[in-house]
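Next comes coords06.tsv, with TSV, N, CA and C atoms.
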```tsv
chain	number	residue	atom	x	y	z
A	29	GLU	N	96.57	97.55	106.05
A	29	GLU	CA	95.26	97.13	105.59
A	29	GLU	C	94.16	97.95	106.26
A	30	LYS	N	94.26	98.11	107.59
A	30	LYS	CA	93.27	98.90	108.33
A	30	LYS	C	93.30	100.36	107.88
A	31	MET	N	94.49	100.85	107.57
A	31	MET	CA	94.61	102.24	107.13
A	31	MET	C	93.85	102.45	105.82
A	32	TYR	N	93.99	101.52	104.87
A	32	TYR	CA	93.30	101.67	103.60
A	32	TYR	C	91.79	101.51	103.78
A	33	GLU	N	91.36	100.68	104.72
A	33	GLU	CA	89.92	100.59	105.04
A	33	GLU	C	89.43	101.93	105.56
A	34	PHE	N	90.20	102.55	106.45
A	34	PHE	CA	89.85	103.85	107.00
A	34	PHE	C	89.73	104.89	105.88
A	35	LEU	N	90.72	104.93	104.99
A	35	LEU	CA	90.70	105.90	103.89
A	35	LEU	C	89.48	105.66	103.00
A	36	GLY	N	89.19	104.42	102.68
A	36	GLY	CA	88.05	104.10	101.82
A	36	GLY	C	86.72	104.49	102.44
A	37	ARG	N	86.58	104.27	103.75
A	37	ARG	CA	85.34	104.61	104.46
A	37	ARG	C	85.10	106.11	104.53
A	38	ASN	N	86.18	106.88	104.64
A	38	ASN	CA	86.06	108.31	104.89
A	38	ASN	C	86.27	109.19	103.66
A	39	GLN	N	86.64	108.60	102.55
A	39	GLN	CA	86.93	109.38	101.34
A	39	GLN	C	85.64	109.95	100.74
A	40	ARG	N	85.68	111.23	100.41
A	40	ARG	CA	84.56	111.90	99.72
A	40	ARG	C	85.10	112.46	98.41
A	41	TYR	N	84.56	111.98	97.32
A	41	TYR	CA	85.02	112.43	96.00
A	41	TYR	C	84.46	113.82	95.75
A	42	PRO	N	85.30	114.81	95.49
A	42	PRO	CA	84.81	116.16	95.20
A	42	PRO	C	83.92	116.18	93.96
A	43	ASP	N	82.81	116.89	94.03
A	43	ASP	CA	81.85	116.94	92.93
A	43	ASP	C	82.46	117.41	91.62
A	44	ALA	N	83.26	118.47	91.68
A	44	ALA	CA	83.84	119.02	90.44
A	44	ALA	C	84.72	117.99	89.74
A	45	GLU	N	85.52	117.26	90.50
A	45	GLU	CA	86.40	116.25	89.91
A	45	GLU	C	85.60	115.06	89.41
A	46	ALA	N	84.57	114.67	90.14
A	46	ALA	CA	83.72	113.55	89.70
A	46	ALA	C	83.02	113.90	88.39
A	47	ASP	N	82.48	115.11	88.31
A	47	ASP	CA	81.79	115.56	87.09
A	47	ASP	C	82.73	115.63	85.89
A	48	ALA	N	84.00	116.00	86.15
A	48	ALA	CA	84.98	116.12	85.07
A	48	ALA	C	85.67	114.78	84.77
A	49	GLY	N	85.40	113.74	85.56
A	49	GLY	CA	86.02	112.44	85.33
A	49	GLY	C	87.47	112.37	85.74
A	50	ILE	N	87.90	113.25	86.64
A	50	ILE	CA	89.29	113.29	87.07
A	50	ILE	C	89.53	112.22	88.13
A	51	GLN	N	90.58	111.43	87.93
A	51	GLN	CA	90.96	110.41	88.91
A	51	GLN	C	92.47	110.24	88.89
A	52	GLY	N	92.98	109.51	89.86
A	52	GLY	CA	94.42	109.27	89.94
A	52	GLY	C	94.88	109.11	91.36
A	53	LYS	N	96.21	109.12	91.55
A	53	LYS	CA	96.80	108.97	92.88
A	53	LYS	C	97.42	110.29	93.31
A	54	VAL	N	97.08	110.70	94.53
A	54	VAL	CA	97.68	111.89	95.13
A	54	VAL	C	98.70	111.38	96.15
A	55	TYR	N	99.93	111.82	96.04
A	55	TYR	CA	100.97	111.41	96.98
A	55	TYR	C	101.10	112.46	98.07
A	56	ILE	N	100.83	112.02	99.31
A	56	ILE	CA	100.84	112.91	100.47
A	56	ILE	C	102.03	112.58	101.35
A	57	GLU	N	102.80	113.60	101.72
A	57	GLU	CA	103.91	113.44	102.64
A	57	GLU	C	103.47	113.93	104.01
A	58	PHE	N	103.85	113.19	105.05
A	58	PHE	CA	103.49	113.58	106.42
A	58	PHE	C	104.48	112.97	107.40
A	59	VAL	N	104.43	113.47	108.62
A	59	VAL	CA	105.31	112.98	109.68
A	59	VAL	C	104.45	112.33	110.75
A	60	VAL	N	104.88	111.15	111.21
A	60	VAL	CA	104.29	110.53	112.39
A	60	VAL	C	105.23	110.91	113.54
A	61	ALA	N	104.71	111.74	114.46
A	61	ALA	CA	105.52	112.25	115.57
A	61	ALA	C	105.79	111.15	116.60
A	62	ARG	N	106.66	111.46	117.52
A	62	ARG	CA	107.02	110.49	118.58
A	62	ARG	C	105.81	110.04	119.37
A	63	ASP	N	104.78	110.88	119.47
A	63	ASP	CA	103.57	110.51	120.22
A	63	ASP	C	102.53	109.85	119.32
A	64	GLY	N	102.86	109.63	118.03
A	64	GLY	CA	101.96	108.95	117.11
A	64	GLY	C	101.05	109.86	116.31
A	65	ARG	N	101.01	111.16	116.66
A	65	ARG	CA	100.14	112.07	115.92
A	65	ARG	C	100.70	112.39	114.54
A	66	ILE	N	99.79	112.67	113.62
A	66	ILE	CA	100.15	113.03	112.24
A	66	ILE	C	100.39	114.54	112.17
A	67	SER	N	101.48	114.95	111.53
A	67	SER	CA	101.76	116.38	111.37
A	67	SER	C	102.45	116.62	110.03
A	68	GLU	N	102.67	117.88	109.71
A	68	GLU	CA	103.38	118.30	108.50
A	68	GLU	C	102.81	117.65	107.24
A	69	VAL	N	101.50	117.66	107.11
A	69	VAL	CA	100.82	117.05	105.96
A	69	VAL	C	100.93	118.00	104.76
A	70	ARG	N	101.41	117.47	103.63
A	70	ARG	CA	101.47	118.28	102.41
A	70	ARG	C	101.41	117.37	101.19
A	71	THR	N	100.92	117.93	100.10
A	71	THR	CA	100.85	117.19	98.85
A	71	THR	C	102.23	117.16	98.22
A	72	LYS	N	102.73	115.97	97.96
A	72	LYS	CA	104.03	115.79	97.32
A	72	LYS	C	103.86	115.79	95.79
A	73	ARG	N	102.84	115.04	95.31
A	73	ARG	CA	102.51	115.03	93.88
A	73	ARG	C	101.00	114.93	93.77
A	74	GLY	N	100.40	115.96	93.21
A	74	GLY	CA	98.95	116.04	93.16
A	74	GLY	C	98.36	115.69	91.81
A	75	VAL	N	97.02	115.68	91.81
A	75	VAL	CA	96.25	115.38	90.60
A	75	VAL	C	95.45	116.61	90.19
A	76	SER	N	94.70	117.17	91.15
A	76	SER	CA	93.90	118.36	90.93
A	76	SER	C	93.68	119.02	92.28
A	77	PRO	N	93.34	120.31	92.31
A	77	PRO	CA	93.16	120.98	93.60
A	77	PRO	C	92.15	120.29	94.52
A	78	GLY	N	91.04	119.83	93.99
A	78	GLY	CA	90.02	119.19	94.81
A	78	GLY	C	90.46	117.85	95.37
A	79	LEU	N	91.09	117.01	94.54
A	79	LEU	CA	91.56	115.71	95.01
A	79	LEU	C	92.72	115.87	96.00
A	80	ASP	N	93.60	116.83	95.73
A	80	ASP	CA	94.72	117.08	96.63
A	80	ASP	C	94.22	117.48	98.02
A	81	LYS	N	93.26	118.38	98.04
A	81	LYS	CA	92.70	118.86	99.31
A	81	LYS	C	92.01	117.73	100.07
A	82	GLU	N	91.29	116.88	99.37
A	82	GLU	CA	90.60	115.76	100.00
A	82	GLU	C	91.60	114.75	100.55
A	83	ALA	N	92.67	114.48	99.83
A	83	ALA	CA	93.69	113.54	100.31
A	83	ALA	C	94.35	114.07	101.58
A	84	GLU	N	94.66	115.36	101.61
A	84	GLU	CA	95.24	115.96	102.82
A	84	GLU	C	94.26	115.87	103.99
A	85	ARG	N	92.99	116.11	103.74
A	85	ARG	CA	91.96	116.03	104.79
A	85	ARG	C	91.93	114.62	105.38
A	86	LEU	N	91.95	113.61	104.50
A	86	LEU	CA	91.92	112.22	104.96
A	86	LEU	C	93.11	111.89	105.86
A	87	ILE	N	94.31	112.30	105.46
A	87	ILE	CA	95.51	112.00	106.23
A	87	ILE	C	95.44	112.71	107.58
A	88	ARG	N	94.99	113.96	107.59
A	88	ARG	CA	94.91	114.72	108.85
A	88	ARG	C	93.93	114.09	109.84
A	89	MET	N	92.89	113.42	109.35
A	89	MET	CA	91.90	112.86	110.27
A	89	MET	C	92.22	111.43	110.72
A	90	MET	N	93.33	110.86	110.24
A	90	MET	CA	93.70	109.51	110.67
A	90	MET	C	93.96	109.47	112.17
A	91	PRO	N	93.60	108.36	112.81
A	91	PRO	CA	93.92	108.23	114.23
A	91	PRO	C	95.43	108.12	114.43
A	92	PRO	N	95.90	108.32	115.65
A	92	PRO	CA	97.35	108.23	115.90
A	92	PRO	C	97.92	106.87	115.48
A	93	TRP	N	99.14	106.89	115.02
A	93	TRP	CA	99.86	105.70	114.62
A	93	TRP	C	100.74	105.23	115.78
A	94	THR	N	101.28	104.04	115.66
A	94	THR	CA	102.34	103.59	116.56
A	94	THR	C	103.62	104.23	116.02
A	95	PRO	N	104.31	105.01	116.84
A	95	PRO	CA	105.49	105.73	116.32
A	95	PRO	C	106.63	104.78	115.97
A	96	GLY	N	107.51	105.26	115.12
A	96	GLY	CA	108.70	104.50	114.77
A	96	GLY	C	109.65	104.42	115.97
A	97	GLN	N	110.51	103.43	115.96
A	97	GLN	CA	111.45	103.22	117.06
A	97	GLN	C	112.88	103.18	116.52
A	98	LEU	N	113.78	103.79	117.27
A	98	LEU	CA	115.20	103.74	116.96
A	98	LEU	C	115.93	103.52	118.28
A	99	ASP	N	116.64	102.44	118.39
A	99	ASP	CA	117.34	102.08	119.64
A	99	ASP	C	116.38	102.07	120.83
A	100	GLY	N	115.16	101.57	120.57
A	100	GLY	CA	114.18	101.44	121.65
A	100	GLY	C	113.47	102.73	122.04
A	101	LYS	N	113.74	103.81	121.34
A	101	LYS	CA	113.09	105.10	121.65
A	101	LYS	C	112.20	105.51	120.48
A	102	ALA	N	111.06	106.12	120.81
A	102	ALA	CA	110.15	106.62	119.78
A	102	ALA	C	110.80	107.79	119.05
A	103	VAL	N	110.66	107.80	117.72
A	103	VAL	CA	111.24	108.87	116.89
A	103	VAL	C	110.21	109.33	115.86
A	104	ASN	N	110.40	110.55	115.37
A	104	ASN	CA	109.57	111.05	114.28
A	104	ASN	C	109.93	110.30	113.01
A	105	CYS	N	108.92	109.98	112.19
A	105	CYS	CA	109.15	109.30	110.92
A	105	CYS	C	108.37	109.99	109.82
A	106	ARG	N	109.03	110.21	108.69
A	106	ARG	CA	108.38	110.85	107.54
A	106	ARG	C	107.92	109.76	106.57
A	107	PHE	N	106.71	109.91	106.05
A	107	PHE	CA	106.13	108.95	105.11
A	107	PHE	C	105.61	109.68	103.88
A	108	VAL	N	105.55	108.96	102.77
A	108	VAL	CA	104.83	109.41	101.57
A	108	VAL	C	103.83	108.31	101.27
A	109	LEU	N	102.55	108.68	101.23
A	109	LEU	CA	101.48	107.71	101.06
A	109	LEU	C	100.65	108.07	99.82
A	110	PRO	N	100.45	107.12	98.90
A	110	PRO	CA	99.56	107.39	97.76
A	110	PRO	C	98.10	107.21	98.20
A	111	VAL	N	97.28	108.17	97.85
A	111	VAL	CA	95.84	108.08	98.11
A	111	VAL	C	95.17	108.00	96.74
A	112	LYS	N	94.52	106.87	96.47
A	112	LYS	CA	93.95	106.60	95.15
A	112	LYS	C	92.52	107.12	95.07
A	113	PHE	N	92.22	107.80	93.97
A	113	PHE	CA	90.88	108.26	93.67
A	113	PHE	C	90.46	107.64	92.34
A	114	ALA	N	89.40	106.83	92.38
A	114	ALA	CA	88.93	106.17	91.17
A	114	ALA	C	87.40	106.27	91.11
A	115	LEU	N	86.91	106.63	89.95
A	115	LEU	CA	85.46	106.65	89.71
A	115	LEU	C	85.03	105.24	89.33
A	116	HIS	N	83.92	104.79	89.89
A	116	HIS	CA	83.46	103.42	89.61
A	116	HIS	C	82.36	103.41	88.58
```

Any chance you could give the structure as structure tokens?
Amino acid sequence: EKMYEFLGRNQRYPDAEADAGIQGKVYIEFVVARDGRISEVRTKRGVSPGLDKEAERLIRMMPPWTPGQLDGKAVNCRFVLPVKFALH
């Protein structure tokens, strides 16, 4: 819930996509490292160059996460997160 609040607060709709009425979900793949930092950010399924770039920017600026645990030890975890872009 807090993550989606963060994304909503920091999302900037690219002008070109807004003018063209382009919207949709960009699926971003990334890794949460053992120390909680976000790395290996890439677009898994995009909508347009501008929205894809903005979604990657948002994921890269997220604060550190609590890392995943396996047998009580922190481990790297790969995620795919949809970032929704909708014109109101």

Which parts of chain A does DSSP call strand (DSSP E or B) when run on the backbone here, written out as an MDAnalysis selection string? chainID A and resid 52:60 66:73 96:98 101:103 105:113

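The two atoms in question, atom C of A:Leu109 and atom C of A:Val59, are spaced 12.3 Å apart.
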
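In terms of minimum interatomic distance to A:Lys101, A:Asp63 ranks closest within A:Pro42, A:Asp63, A:Ile50, A:Glu82, counting only C-alpha atoms.
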
In Å, with one decimal, what is the gap from atom C of A:Asp43 to atom C of A:Ile87? 21.1 Å

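DSSP annotation of stretch 32-110 of chain A from backbone atoms: helix (DSSP H, G or I) residues are Tyr32, Glu33, Phe34, Leu35, Gly36, Arg37, Asn38, Asp43, Ala44, Glu45, Ala46, Asp47, Ala48, Pro77, Gly78, Leu79, Asp80, Lys81, Glu82, Ala83, Glu84, Arg85, Leu86, Ile87 and Arg88 of chain A.
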
Find, counting only C-alpha atoms, the residue in A:Val69, A:Glu45, A:Gln51, A:Ala61 that gets nearest to A:Met89. A:Val69

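You will find atom N of A:Glu68 at 12.1 Å from atom N of A:Asn104.
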
For A:Lys72: contacts at 5 Å, all atoms listed in the file, fewer than 2 positions along chain excluded, given as an mmCIF file with N, CA and C atoms, keeping the file's coordinate frame:
```
data_model
loop_
_atom_site.group_PDB
_atom_site.id
_atom_site.type_symbol
_atom_site.label_atom_id
_atom_site.label_comp_id
_atom_site.auth_asym_id
_atom_site.auth_seq_id
_atom_site.Cartn_x
_atom_site.Cartn_y
_atom_site.Cartn_z
ATOM 1 N N TYR A 55 99.930 111.820 96.040
ATOM 2 C CA TYR A 55 100.970 111.410 96.980
ATOM 3 C C TYR A 55 101.100 112.460 98.070
ATOM 4 N N ILE A 56 100.830 112.020 99.310
ATOM 5 C CA ILE A 56 100.840 112.910 100.470
ATOM 6 C C ILE A 56 102.030 112.580 101.350
ATOM 7 N N GLU A 57 102.800 113.600 101.720
ATOM 8 C CA GLU A 57 103.910 113.440 102.640
ATOM 9 C C GLU A 57 103.470 113.930 104.010
ATOM 10 N N ARG A 70 101.410 117.470 103.630
ATOM 11 C CA ARG A 70 101.470 118.280 102.410
ATOM 12 C C ARG A 70 101.410 117.370 101.190
ATOM 13 N N GLY A 74 100.400 115.960 93.210
ATOM 14 C CA GLY A 74 98.950 116.040 93.160
ATOM 15 C C GLY A 74 98.360 115.690 91.810
#
```

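Of the listed residues (A:Ser76, A:Val103, A:Ser67, A:Lys30), A:Ser76 comes nearest to A:Lys53; the distances count only C-alpha atoms.
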
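You can rank A:Pro110, A:Gly100, A:Pro92, A:Gly78 by their closest distance to A:Val60 using all atoms listed in the file, and at the top of that list sits A:Pro92.
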
Show me, as a ChimeraX atom specification, the residues that have an atom within 9 Å of A:Met31 when counting only C-alpha atoms, minus same-chain residues fewer than 4 positions from it. /A:35-36,90

Nearest residue to A:Lys81 out of A:Val54, A:Val108, A:Ala46, A:Ala114, using only C-alpha atoms? A:Val54

All residues 8 Å or closer to A:Leu86, all atoms listed in the file, same chain fewer than 5 positions away omitted, as a ChimeraX atom specification: /A:34-35,38-40,80-81,91

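Using only C-alpha atoms, the smallest distance between any of A:Arg106, A:Arg73, A:Glu29, A:Leu79 and A:Ala48 comes from A:Leu79.
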
What would stretch 58-70 of chain A look like with N, CA, C and O atoms restored, written as a compact mmCIF listing (two decimals), in the coordinates of the input?
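The file below, rebuild.txt, is the result:
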```txt
# COMPACT_ATOMS: atom_id res chain seq x y z
N PHE A 58 103.85 113.19 105.05
CA PHE A 58 103.49 113.58 106.42
C PHE A 58 104.48 112.97 107.40
O PHE A 58 105.28 112.10 107.04
N VAL A 59 104.43 113.47 108.62
CA VAL A 59 105.31 112.98 109.68
C VAL A 59 104.45 112.33 110.75
O VAL A 59 103.42 112.87 111.16
N VAL A 60 104.88 111.15 111.21
CA VAL A 60 104.29 110.53 112.39
C VAL A 60 105.23 110.91 113.54
O VAL A 60 106.39 110.52 113.57
N ALA A 61 104.71 111.74 114.46
CA ALA A 61 105.52 112.25 115.57
C ALA A 61 105.79 111.15 116.60
O ALA A 61 105.17 110.09 116.57
N ARG A 62 106.66 111.46 117.52
CA ARG A 62 107.02 110.49 118.58
C ARG A 62 105.81 110.04 119.37
O ARG A 62 105.81 108.93 119.90
N ASP A 63 104.78 110.88 119.47
CA ASP A 63 103.57 110.51 120.22
C ASP A 63 102.53 109.85 119.32
O ASP A 63 101.43 109.55 119.77
N GLY A 64 102.86 109.63 118.03
CA GLY A 64 101.96 108.95 117.11
C GLY A 64 101.05 109.86 116.31
O GLY A 64 100.37 109.40 115.39
N ARG A 65 101.01 111.16 116.66
CA ARG A 65 100.14 112.07 115.92
C ARG A 65 100.70 112.39 114.54
O ARG A 65 101.91 112.38 114.33
N ILE A 66 99.79 112.67 113.62
CA ILE A 66 100.15 113.03 112.24
C ILE A 66 100.39 114.54 112.17
O ILE A 66 99.58 115.32 112.68
N SER A 67 101.48 114.95 111.53
CA SER A 67 101.76 116.38 111.37
C SER A 67 102.45 116.62 110.03
O SER A 67 102.79 115.67 109.32
N GLU A 68 102.67 117.88 109.71
CA GLU A 68 103.38 118.30 108.50
C GLU A 68 102.81 117.65 107.24
O GLU A 68 103.56 117.16 106.39
N VAL A 69 101.50 117.66 107.11
CA VAL A 69 100.82 117.05 105.96
C VAL A 69 100.93 118.00 104.76
O VAL A 69 100.59 119.18 104.87
N ARG A 70 101.41 117.47 103.63
CA ARG A 70 101.47 118.28 102.41
C ARG A 70 101.41 117.37 101.19
O ARG A 70 101.81 116.20 101.24
```
